[in-house]
$ cat data_39.txt   # compact mmCIF, C-alpha atoms
# COMPACT_ATOMS: atom_id res chain seq x y z
CA MET A 1 -79.64 12.75 55.65
CA PRO A 2 -81.05 12.66 59.23
CA GLY A 3 -83.81 10.38 57.90
CA VAL A 4 -81.31 7.91 56.43
CA ALA A 5 -80.24 4.92 58.56
CA ILE A 6 -76.53 4.55 59.30
CA GLY A 7 -75.12 2.15 56.71
CA ALA A 8 -77.85 2.95 54.16
CA THR A 9 -77.05 4.43 50.75
CA ILE A 10 -78.91 7.22 49.02
CA ARG A 11 -78.72 8.18 45.36
CA VAL A 12 -78.47 11.92 44.63
CA LEU A 13 -79.59 13.05 41.16
CA ALA A 14 -77.98 16.33 40.11
CA ASP A 15 -77.24 17.89 36.72
CA ASP A 16 -75.34 20.82 38.23
CA PRO A 17 -71.83 20.76 36.65
CA ALA A 18 -70.36 21.28 40.14
CA ALA A 19 -72.01 18.14 41.59
CA ALA A 20 -69.28 15.71 40.47
CA ASN A 21 -66.78 17.76 42.48
CA ASP A 22 -68.93 18.99 45.34
CA ILE A 23 -70.78 15.83 46.38
CA PRO A 24 -67.52 13.94 47.15
CA ALA A 25 -66.25 17.13 48.87
CA TRP A 26 -69.44 17.25 50.99
CA CYS A 27 -68.91 13.60 52.00
CA ARG A 28 -65.34 14.34 53.08
CA MET A 29 -66.37 17.45 55.06
CA LYS A 30 -69.30 15.73 56.76
CA GLY A 31 -67.55 12.39 57.40
CA GLN A 32 -69.81 10.37 55.06
CA GLU A 33 -68.78 7.88 52.38
CA PHE A 34 -68.87 8.68 48.69
CA VAL A 35 -69.65 5.37 46.96
CA ALA A 36 -69.76 6.04 43.22
CA ALA A 37 -70.86 8.38 40.45
CA ASP A 38 -72.65 7.41 37.26
CA GLY A 39 -73.49 10.35 35.02
CA HIS A 40 -75.85 12.59 36.98
CA ALA A 41 -76.35 9.95 39.74
CA PHE A 42 -74.20 10.00 42.88
CA ASP A 43 -74.35 7.32 45.59
CA VAL A 44 -73.60 8.37 49.14
CA ARG A 45 -73.52 6.04 52.18
CA ARG A 46 -74.31 7.38 55.63
CA VAL A 47 -71.57 6.12 57.96
CA SER A 48 -72.12 8.36 61.00
CA MET B 1 -83.40 41.96 49.74
CA ASP B 2 -82.77 43.72 46.45
CA TYR B 3 -79.28 44.10 45.16
CA THR B 4 -78.78 47.80 44.54
CA GLY B 5 -75.03 47.69 43.83
CA ASP B 6 -74.68 50.46 46.35
CA PRO B 7 -72.89 49.16 49.42
CA ALA B 8 -73.62 50.58 52.84
CA GLY B 9 -70.80 51.59 55.17
CA THR B 10 -67.09 51.75 54.48
CA HIS B 11 -65.84 49.97 51.41
CA ALA B 12 -63.11 47.36 51.63
CA TYR B 13 -61.69 46.14 48.34
CA LEU B 14 -60.45 42.59 48.97
CA ASP B 15 -59.75 41.40 45.44
CA ALA B 16 -56.14 42.44 44.75
CA ALA B 17 -55.46 39.15 42.94
CA THR B 18 -57.85 40.32 40.21
CA SER B 19 -56.50 43.87 40.11
CA ALA B 20 -54.64 45.75 42.86
CA PRO B 21 -55.48 49.42 43.47
CA LEU B 22 -53.07 51.74 41.63
CA HIS B 23 -49.90 52.37 43.64
CA PRO B 24 -49.37 56.15 44.21
CA VAL B 25 -45.99 55.85 42.49
CA ALA B 26 -47.73 54.43 39.40
CA ARG B 27 -50.13 57.36 39.32
CA GLU B 28 -47.33 59.94 39.55
CA ALA B 29 -45.18 58.17 36.95
CA MET B 30 -48.08 57.83 34.54
CA ILE B 31 -49.01 61.50 34.75
CA ALA B 32 -45.36 62.53 34.25
CA ALA B 33 -44.98 60.17 31.27
CA LEU B 34 -48.05 61.53 29.46
CA ALA B 35 -45.94 64.49 28.22
CA ASP B 36 -43.71 62.35 25.97
CA GLY B 37 -45.31 58.92 26.15
CA TRP B 38 -47.89 59.54 23.40
CA ALA B 39 -45.23 59.45 20.67
CA ASP B 40 -44.15 56.31 18.81
CA PRO B 41 -40.77 55.17 20.21
CA THR B 42 -39.75 53.64 16.86
CA ARG B 43 -39.67 57.06 15.13
CA LEU B 44 -36.37 58.87 14.72
CA TYR B 45 -37.38 62.50 15.37
CA ALA B 46 -36.84 64.16 18.73
CA VAL B 47 -40.19 63.34 20.39
CA GLY B 48 -39.93 59.74 19.14
CA ARG B 49 -36.45 59.49 20.66
CA ARG B 50 -37.77 60.84 23.97
CA ALA B 51 -40.49 58.18 23.89
CA GLN B 52 -37.84 55.58 23.12
CA ARG B 53 -35.83 56.70 26.14
CA LEU B 54 -38.93 56.24 28.32
CA ARG B 55 -39.39 52.74 26.95
CA GLU B 56 -35.74 51.84 27.48
CA ALA B 57 -35.64 53.24 30.99
CA SER B 58 -38.78 51.25 31.86
CA ALA B 59 -37.38 48.02 30.42
CA GLU B 60 -34.12 48.61 32.32
CA ALA B 61 -35.98 49.21 35.59
CA ILE B 62 -38.05 46.04 35.14
CA ALA B 63 -35.00 43.99 34.13
CA ASP B 64 -33.06 45.30 37.10
CA THR B 65 -35.90 44.52 39.52
CA LEU B 66 -36.40 41.02 38.11
CA ARG B 67 -32.60 40.50 37.86
CA VAL B 68 -32.63 39.68 34.14
CA ARG B 69 -31.05 41.29 31.06
CA VAL B 70 -32.86 44.22 29.52
CA ASP B 71 -33.02 42.57 26.08
CA GLU B 72 -34.84 39.63 27.68
CA VAL B 73 -37.82 41.84 28.66
CA SER B 74 -40.78 42.66 26.40
CA PHE B 75 -44.09 44.42 27.04
CA TRP B 76 -47.48 43.02 26.04
CA PRO B 77 -51.04 44.35 26.24
CA SER B 78 -51.86 42.25 29.37
CA GLY B 79 -50.54 39.52 31.62
CA ALA B 80 -52.74 37.03 29.78
CA ALA B 81 -51.30 38.14 26.41
CA ALA B 82 -47.76 37.80 27.78
CA ALA B 83 -48.53 34.31 29.16
CA GLN B 84 -50.03 33.21 25.85
CA ALA B 85 -47.03 34.66 23.96
CA ALA B 86 -44.78 32.62 26.26
CA VAL B 87 -46.69 29.39 25.59
CA LEU B 88 -47.28 29.84 21.86
CA GLY B 89 -43.82 31.35 21.25
CA GLY B 90 -42.13 28.66 23.34
CA LEU B 91 -43.95 25.92 21.41
CA GLY B 92 -43.13 27.60 18.08
CA GLY B 93 -39.44 27.83 18.91
CA ARG B 94 -39.24 24.15 19.78
CA LYS B 95 -41.24 22.67 16.88
CA ARG B 96 -38.36 20.37 16.00
CA ALA B 97 -38.35 18.87 19.53
CA GLY B 98 -42.05 18.02 19.32
CA ARG B 99 -45.45 19.52 20.12
CA VAL B 100 -46.17 18.22 23.61
CA LEU B 101 -46.89 20.81 26.30
CA VAL B 102 -46.69 19.68 29.94
CA HIS B 103 -48.64 21.91 32.34
CA SER B 104 -50.14 21.81 35.82
CA ALA B 105 -53.89 21.44 36.22
CA ILE B 106 -54.04 24.79 38.04
CA GLU B 107 -52.63 27.14 35.38
CA HIS B 108 -54.45 30.38 34.55
CA SER B 109 -57.24 29.85 32.02
CA ALA B 110 -55.26 31.91 29.44
CA VAL B 111 -52.50 29.27 29.59
CA LEU B 112 -55.03 26.42 29.41
CA HIS B 113 -56.61 28.01 26.33
CA ALA B 114 -53.17 28.23 24.68
CA ALA B 115 -52.50 24.60 25.69
CA ARG B 116 -55.54 23.51 23.69
CA THR B 117 -53.73 24.50 20.47
CA THR B 118 -51.32 21.57 20.88
CA GLU B 119 -50.91 18.13 22.45
CA ALA B 120 -51.10 18.81 26.18
CA VAL B 121 -50.27 16.65 29.21
CA GLU B 122 -51.91 17.90 32.40
CA ILE B 123 -50.27 17.20 35.78
CA GLY B 124 -52.48 17.07 38.84
CA VAL B 125 -52.17 18.63 42.28
CA ASP B 126 -52.94 17.32 45.77
CA ARG B 127 -55.72 18.46 48.13
CA LEU B 128 -53.63 21.50 49.15
CA GLY B 129 -53.01 22.47 45.52
CA ARG B 130 -49.36 21.32 45.34
CA LEU B 131 -47.98 19.96 42.07
CA ASP B 132 -47.47 16.18 41.80
CA LEU B 133 -43.71 16.39 41.23
CA GLY B 134 -43.27 12.67 40.46
CA SER B 135 -45.77 12.78 37.58
CA TRP B 136 -44.31 16.10 36.42
CA SER B 137 -40.76 14.72 36.25
CA ALA B 138 -41.91 11.64 34.33
CA ALA B 139 -43.97 13.75 31.90
CA VAL B 140 -41.27 16.31 31.05
CA ALA B 141 -38.83 13.45 30.35
CA GLY B 142 -41.30 11.92 27.87
CA PRO B 143 -40.97 12.00 24.07
CA GLY B 144 -41.72 15.12 22.02
CA VAL B 145 -41.98 17.60 24.91
CA ALA B 146 -41.52 21.14 23.58
CA LEU B 147 -42.35 23.19 26.69
CA ALA B 148 -43.48 22.90 30.32
CA CYS B 149 -45.67 25.47 32.16
CA LEU B 150 -46.02 25.94 35.89
CA ILE B 151 -47.73 28.81 37.68
CA SER B 152 -45.49 30.25 40.45
CA ALA B 153 -48.35 30.22 42.96
CA SER B 154 -52.03 29.58 42.47
CA HIS B 155 -53.99 32.75 41.75
CA GLU B 156 -57.10 31.08 43.15
CA VAL B 157 -55.91 29.37 46.33
CA GLY B 158 -52.46 30.87 46.97
CA THR B 159 -50.48 27.63 47.17
CA VAL B 160 -46.85 28.24 46.17
CA GLN B 161 -45.61 25.71 43.64
CA PRO B 162 -42.29 23.80 43.82
CA VAL B 163 -40.91 25.71 40.83
CA GLU B 164 -37.22 25.08 41.50
CA ALA B 165 -37.66 21.30 41.84
CA ALA B 166 -39.87 21.28 38.72
CA ALA B 167 -37.20 23.32 36.90
CA GLU B 168 -34.54 20.76 37.79
CA SER B 169 -36.58 18.01 36.11
CA CYS B 170 -37.02 20.25 33.07
CA ALA B 171 -33.30 21.02 32.90
CA ALA B 172 -32.44 17.30 33.15
CA ALA B 173 -34.82 16.63 30.23
CA GLY B 174 -33.64 19.66 28.22
CA VAL B 175 -37.14 21.18 28.26
CA PRO B 176 -37.63 24.95 28.77
CA LEU B 177 -39.90 25.93 31.66
CA PHE B 178 -42.40 28.80 31.46
CA VAL B 179 -43.47 30.26 34.82
CA ASP B 180 -46.60 32.43 35.04
CA ALA B 181 -45.53 34.60 37.97
CA ALA B 182 -48.44 37.06 37.91
CA GLN B 183 -49.25 36.61 41.62
CA THR B 184 -45.62 36.49 42.80
CA VAL B 185 -43.87 39.38 41.03
CA GLY B 186 -43.85 42.42 43.31
CA ARG B 187 -44.90 40.39 46.37
CA ALA B 188 -42.43 37.57 47.01
CA PRO B 189 -38.95 36.54 45.82
CA LEU B 190 -38.92 34.86 42.40
CA PRO B 191 -37.83 31.22 42.12
CA SER B 192 -34.89 30.39 39.84
CA GLY B 193 -34.44 27.87 37.04
CA TRP B 194 -37.10 29.06 34.57
CA SER B 195 -36.59 29.89 30.88
CA LEU B 196 -39.63 32.10 30.29
CA LEU B 197 -41.65 34.15 32.77
CA SER B 198 -44.70 36.37 32.56
CA ALA B 199 -46.21 38.96 34.90
CA SER B 200 -49.03 41.49 34.94
CA ALA B 201 -48.62 45.08 36.16
CA HIS B 202 -52.11 45.52 37.62
CA LYS B 203 -51.46 42.65 40.04
CA TRP B 204 -48.63 44.60 41.73
CA GLY B 205 -50.25 48.04 41.74
CA GLY B 206 -49.33 49.13 38.24
CA PRO B 207 -51.95 50.00 35.63
CA ALA B 208 -54.00 47.44 33.68
CA GLY B 209 -52.85 46.93 30.11
CA VAL B 210 -49.21 46.02 30.74
CA GLY B 211 -47.99 42.43 30.57
CA VAL B 212 -44.32 41.57 30.96
CA LEU B 213 -42.65 38.64 29.21
CA VAL B 214 -39.09 37.55 29.97
CA VAL B 215 -37.39 35.14 27.57
CA ARG B 216 -33.93 34.17 28.83
CA LYS B 217 -30.98 34.31 26.44
CA GLY B 218 -30.56 31.13 24.43
CA VAL B 219 -34.22 30.07 24.81
CA ARG B 220 -35.83 29.37 21.47
CA TRP B 221 -38.93 31.52 20.95
CA LEU B 222 -40.87 32.26 17.78
CA SER B 223 -43.48 35.01 17.68
CA PRO B 224 -47.05 33.73 17.43
CA TYR B 225 -47.88 36.97 15.55
CA PRO B 226 -46.86 37.86 12.00
CA GLN B 227 -44.06 40.45 12.26
CA ASP B 228 -40.66 41.40 10.76
CA ASP B 229 -38.31 39.61 13.15
CA LEU B 230 -40.08 36.52 14.46
CA HIS B 231 -37.29 35.66 16.89
CA ARG B 232 -37.33 38.82 19.01
CA PRO B 233 -40.16 39.13 21.56
CA GLY B 234 -39.36 42.82 22.05
CA ASN B 235 -40.38 43.52 18.50
CA HIS B 236 -44.05 42.66 18.50
CA PRO B 237 -46.29 44.81 16.30
CA GLY B 238 -48.16 47.90 17.47
CA ALA B 239 -47.26 50.95 19.54
CA PRO B 240 -47.01 50.30 23.31
CA GLY B 241 -49.03 52.25 25.91
CA LEU B 242 -45.92 54.01 27.12
CA PRO B 243 -47.32 55.98 30.08
CA GLN B 244 -48.71 52.69 31.43
CA VAL B 245 -45.38 50.93 30.82
CA VAL B 246 -43.51 53.70 32.67
CA ALA B 247 -46.02 53.47 35.55
CA ALA B 248 -45.65 49.68 35.60
CA ALA B 249 -41.86 49.92 35.93
CA ALA B 250 -41.94 52.61 38.63
CA SER B 251 -44.58 50.80 40.68
CA LEU B 252 -42.79 47.44 40.39
CA ARG B 253 -39.68 48.97 41.90
CA ALA B 254 -41.80 50.48 44.71
CA ALA B 255 -43.72 47.23 45.30
CA VAL B 256 -40.56 45.14 45.47
CA GLY B 257 -39.08 47.64 47.91
CA GLU B 258 -42.12 47.27 50.17
CA ALA B 259 -42.65 43.55 49.57
CA ARG B 260 -40.91 42.13 52.62
CA ALA B 261 -42.65 44.36 55.17
CA GLU B 262 -46.01 44.22 53.36
CA GLY B 263 -45.73 40.45 52.95
CA GLU B 264 -45.25 40.01 56.71
CA ARG B 265 -48.10 42.37 57.55
CA LEU B 266 -50.57 40.86 55.08
CA SER B 267 -49.54 37.28 55.85
CA ALA B 268 -50.41 37.82 59.52
CA LEU B 269 -53.84 39.15 58.45
CA ILE B 270 -54.34 36.09 56.21
CA ASP B 271 -53.45 33.82 59.15
CA ARG B 272 -56.08 35.65 61.19
CA ILE B 273 -58.71 35.15 58.44
CA ARG B 274 -57.83 31.45 58.10
CA GLU B 275 -58.14 30.93 61.84
CA ARG B 276 -61.24 33.07 62.51
CA VAL B 277 -63.31 31.90 59.52
CA ALA B 278 -62.71 28.26 60.49
CA ALA B 279 -63.69 29.06 64.10
CA THR B 280 -66.76 31.22 63.45
CA VAL B 281 -68.43 29.81 60.31
CA PRO B 282 -69.83 26.26 60.56
CA ASP B 283 -69.32 23.83 57.66
CA VAL B 284 -66.55 25.79 56.01
CA GLU B 285 -63.40 24.53 54.33
CA ILE B 286 -60.31 26.76 54.25
CA VAL B 287 -58.58 25.88 51.01
CA GLY B 288 -54.91 25.74 50.01
CA ASP B 289 -51.56 25.24 51.72
CA PRO B 290 -51.59 27.05 55.11
CA GLU B 291 -47.82 27.58 55.08
CA ARG B 292 -46.29 27.53 51.61
CA ARG B 293 -48.69 30.16 50.30
CA LEU B 294 -48.84 33.66 48.88
CA PRO B 295 -48.67 36.30 51.62
CA HIS B 296 -51.87 38.10 50.62
CA LEU B 297 -54.45 35.54 49.53
CA VAL B 298 -56.86 33.03 51.09
CA THR B 299 -59.76 31.01 49.73
CA PHE B 300 -62.55 29.22 51.57
CA SER B 301 -65.78 27.41 50.66
CA CYS B 302 -69.01 27.31 52.65
CA LEU B 303 -71.48 24.43 52.42
CA TYR B 304 -75.14 25.23 51.65
CA VAL B 305 -74.44 28.74 50.35
CA ASP B 306 -74.59 29.90 46.76
CA GLY B 307 -71.27 31.55 45.78
CA GLU B 308 -72.93 34.30 43.77
CA ALA B 309 -75.39 35.09 46.57
CA LEU B 310 -72.51 35.25 49.05
CA LEU B 311 -70.52 37.56 46.77
CA HIS B 312 -73.49 39.92 46.38
CA ALA B 313 -74.33 39.84 50.10
CA LEU B 314 -70.75 40.81 50.94
CA ASP B 315 -70.79 43.51 48.24
CA ARG B 316 -73.92 45.01 49.82
CA ARG B 317 -71.96 45.29 53.05
CA GLY B 318 -69.06 46.98 51.24
CA PHE B 319 -66.70 44.03 50.68
CA ALA B 320 -65.41 43.29 47.18
CA VAL B 321 -64.35 39.63 46.96
CA SER B 322 -63.96 37.05 44.22
CA SER B 323 -65.47 33.56 43.91
CA GLY B 324 -64.55 30.35 42.11
CA SER B 325 -68.07 28.94 42.33
CA SER B 326 -69.65 27.92 39.05
CA CYS B 327 -72.50 30.44 39.25
CA THR B 328 -69.99 33.33 39.19
CA SER B 329 -67.98 32.15 36.16
CA SER B 330 -68.55 32.97 32.49
CA THR B 331 -68.60 29.25 31.66
CA LEU B 332 -70.97 28.34 34.53
CA ARG B 333 -68.43 25.66 35.49
CA PRO B 334 -66.77 25.55 38.90
CA SER B 335 -63.17 26.74 39.09
CA HIS B 336 -60.81 24.22 37.45
CA VAL B 337 -58.36 24.87 40.28
CA LEU B 338 -60.83 23.89 43.03
CA GLU B 339 -61.87 20.85 40.95
CA ALA B 340 -58.24 19.78 40.46
CA MET B 341 -57.76 19.92 44.24
CA GLY B 342 -61.05 18.09 44.90
CA VAL B 343 -62.20 20.76 47.34
CA LEU B 344 -65.69 22.21 47.68
CA SER B 345 -66.41 24.77 44.94
CA HIS B 346 -69.84 25.71 46.30
CA GLY B 347 -70.05 28.93 48.37
CA ASN B 348 -66.49 29.84 47.47
CA VAL B 349 -64.85 33.14 48.39
CA ARG B 350 -61.35 34.38 47.57
CA ILE B 351 -59.93 37.23 49.65
CA SER B 352 -56.76 38.97 48.43
CA LEU B 353 -55.23 41.88 50.31
CA HIS B 354 -53.05 44.81 49.22
CA ARG B 355 -51.05 47.71 50.64
CA GLU B 356 -54.19 49.74 51.42
CA THR B 357 -55.90 46.92 53.34
CA THR B 358 -56.04 47.71 57.05
CA GLU B 359 -56.38 45.50 60.08
CA ALA B 360 -59.74 47.23 60.70
CA ASP B 361 -60.96 46.17 57.20
CA VAL B 362 -60.13 42.55 57.98
CA ASP B 363 -61.70 42.64 61.44
CA ARG B 364 -64.87 44.21 60.04
CA PHE B 365 -65.02 41.46 57.40
CA LEU B 366 -64.53 38.79 60.06
CA ALA B 367 -67.30 40.32 62.18
CA VAL B 368 -69.77 40.45 59.27
CA LEU B 369 -69.11 37.13 57.54
CA PRO B 370 -70.67 34.63 60.02
CA GLY B 371 -73.99 36.50 59.98
CA VAL B 372 -74.00 36.82 56.19
CA VAL B 373 -73.47 33.07 55.78
CA ALA B 374 -76.07 32.25 58.46
CA ASP B 375 -78.67 34.54 56.80
CA LEU B 376 -78.13 32.97 53.39
CA ARG B 377 -78.46 29.47 54.87
CA ALA B 378 -81.65 30.54 56.66
CA GLU B 379 -83.07 31.95 53.39
CA ALA B 380 -82.33 28.58 51.75
CA GLY B 381 -84.33 26.87 54.55
CA LEU B 382 -81.37 25.40 56.45
$ encode --input "data_39.txt" --output "structure tokens"
Amino acid sequence: MPGVAIGATIRVLADDPAAANDIPAWCRMKGQEFVAADGHAFDVRRVS
Amino acid sequence: MDYTGDPAGTHAYLDAATSAPLHPVAREAMIAALADGWADPTRLYAVGRRAQRLREASAEAIADTLRVRVDEVSFWPSGAAAAQAAVLGGLGGRKRAGRVLVHSAIEHSAVLHAARTTEAVEIGVDRLGRLDLGSWSAAVAGPGVALACLISASHEVGTVQPVEAAAESCAAAGVPLFVDAAQTVGRAPLPSGWSLLSASAHKWGGPAGVGVLVVRKGVRWLSPYPQDDLHRPGNHPGAPGLPQVVAAAASLRAAVGEARAEGERLSALIDRIRERVAATVPDVEIVGDPERRLPHLVTFSCLYVDGEALLHALDRRGFAVSSGSSCTSSTLRPSHVLEAMGVLSHGNVRISLHRETTEADVDRFLAVLPGVVADLRAEAGL
């Protein structure tokens, strides 16, 4: 994440069954924006 | 580091919500009851009658403690069996009303398994694990609802549920309410308004192998098991483990007697854990309602730590804790309760205290935890 520009979006690929729950939870805890999920792909936008 | 299963230092068992250590009263009662408790209480000869008196005295003690009628109490082989008998029996008794079961998303897995046998409507919870009462009220008033199920307080995160408000909606809709009170009985006052209730003796310091089911008078219930009288829950097949039942009744009375003082003592320790873990462990989320909660239980999740690794690392240092992380479950799925709340399931730890937990145990845990988490993060390259 430190290498991602503020405002940029990264796609996380994860087949861990916990990812659908834990990636949005990570965004909330770390003050980042959870954009969308599509199957095993999760889009996260760096906002701070 | 190899896991040897042989913890160094003093042990601290911090998993009472799974099974509380046996209360000394339970131990004494069980040993005393072994003399007559081996006999079958349905037999008419002298030793059978003595066994029957043990069973009756136990049922009376439990009924008295729970403030219900003795003929409303039945014993089952476990809390899970009692909860499933409540759900399946409650559905069976209300077949004519329909087959819809309304339940919260945070019920015990035994209740969720029973719910899969029928048409189920699941009601969500908020971030703190509190039932969505608006959706609940609308759902129980819907067509074909046979039964509603609400856990008294979450066994995973400790949040106390609005049982009495939920019961009012059920009463208005004419739907019986089953309350799984496994974590509340023996620790906190019971809510009112329910039709069926289940509890589990080893959660209050009684022995494992005793579940309690209460079916209030006038509630329709039909045994899920083939037996002579399908309408009487006290009549289920098989001989009961009477010494365990006697121990369960004696220890419930003792636990309820101690509950107020113990609740205050343990609740203050839980407050200390909630405050210190948040202050000393970076990237941690303390889960559940900080105020309307069970007195003895707290759950938190740590980012960038594997739940199973954390559990084993704490075990090596002598702390027995539970985890809702996926890697520690039989299904390899994260806890459905943490998912329903939308809180982190990774690096999850549940601490639940009991009458033998000391302030020193808690302080030792609080001193050890930050280093354990930091070491695991360092091993993972963070």
$ interface_residues --input "data_39.txt" --of "chain A" --to "chain B" --cutoff "12 Å" --atoms "all atoms listed in the file" --output "ChimeraX atom specification"
/A:15-31
$ atom_distance --input "data_39.txt" --atom1 "CA of Val185 in chain B" --atom2 "CA of Ala199 in chain B"
6.6 Å
$ residues_around --input "data_39.txt" --residues "Leu177 in chain B" --least-positions-apart "5" --cutoff "12 Å" --atoms "all atoms listed in the file" --output "NGL selection string"
:B and (86-87 or 90-91 or 101-104 or 136 or 140 or 145-152 or 163-172 or 191-198 or 214-216 or 219-220)
$ closest_residue --input "data_39.txt" --among "B:Ala33, B:Leu14, B:Val121, B:Ala182" --to "Pro143 in chain B" --atoms "all atoms listed in the file"
B:Val121
$ atom_distance --input "data_39.txt" --atom1 "CA of Asp40 in chain B" --atom2 "CA of Val210 in chain B"
16.5 Å
$ atom_distance --input "data_39.txt" --atom1 "CA of Leu190 in chain B" --atom2 "CA of Arg69 in chain B"
15.2 Å
$ residues_around --input "data_39.txt" --residues "range 1-6 of chain A" --least-positions-apart "3" --cutoff "8 Å" --atoms "all atoms listed in the file" --output "PyMOL selection string"
chain A and resi 9-10+45-48
$ residues_near_point --input "data_39.txt" --point "(-75.6, 12.6, 39.9)" --cutoff "6 Å" --atoms "all atoms listed in the file" --output "list of chain:residue names"
A:Val12, A:Leu13, A:Ala14, A:Gly39, A:His40, A:Ala41, A:Phe42
$ write_last_selection --input "data_39.txt" --atoms "C-alpha atoms" --output "PDB file, keeping the file's coordinate frame"
ATOM      1  CA  VAL A  12     -78.470  11.920  44.630  1.00  0.00           C
ATOM      2  CA  LEU A  13     -79.590  13.050  41.160  1.00  0.00           C
ATOM      3  CA  ALA A  14     -77.980  16.330  40.110  1.00  0.00           C
ATOM      4  CA  GLY A  39     -73.490  10.350  35.020  1.00  0.00           C
ATOM      5  CA  HIS A  40     -75.850  12.590  36.980  1.00  0.00           C
ATOM      6  CA  ALA A  41     -76.350   9.950  39.740  1.00  0.00           C
ATOM      7  CA  PHE A  42     -74.200  10.000  42.880  1.00  0.00           C
TER       8      PHE A  42
END
$ closest_residue --input "data_39.txt" --among "B:Leu34, B:Val368, B:Leu376, B:Ile270" --to "Leu310 in chain B" --atoms "only C-alpha atoms"
B:Leu376
$ closest_residue --input "data_39.txt" --among "B:Pro224, B:Gly263, B:Pro207, B:Pro240" --to "Val25 in chain B" --atoms "all atoms listed in the file"
B:Pro207
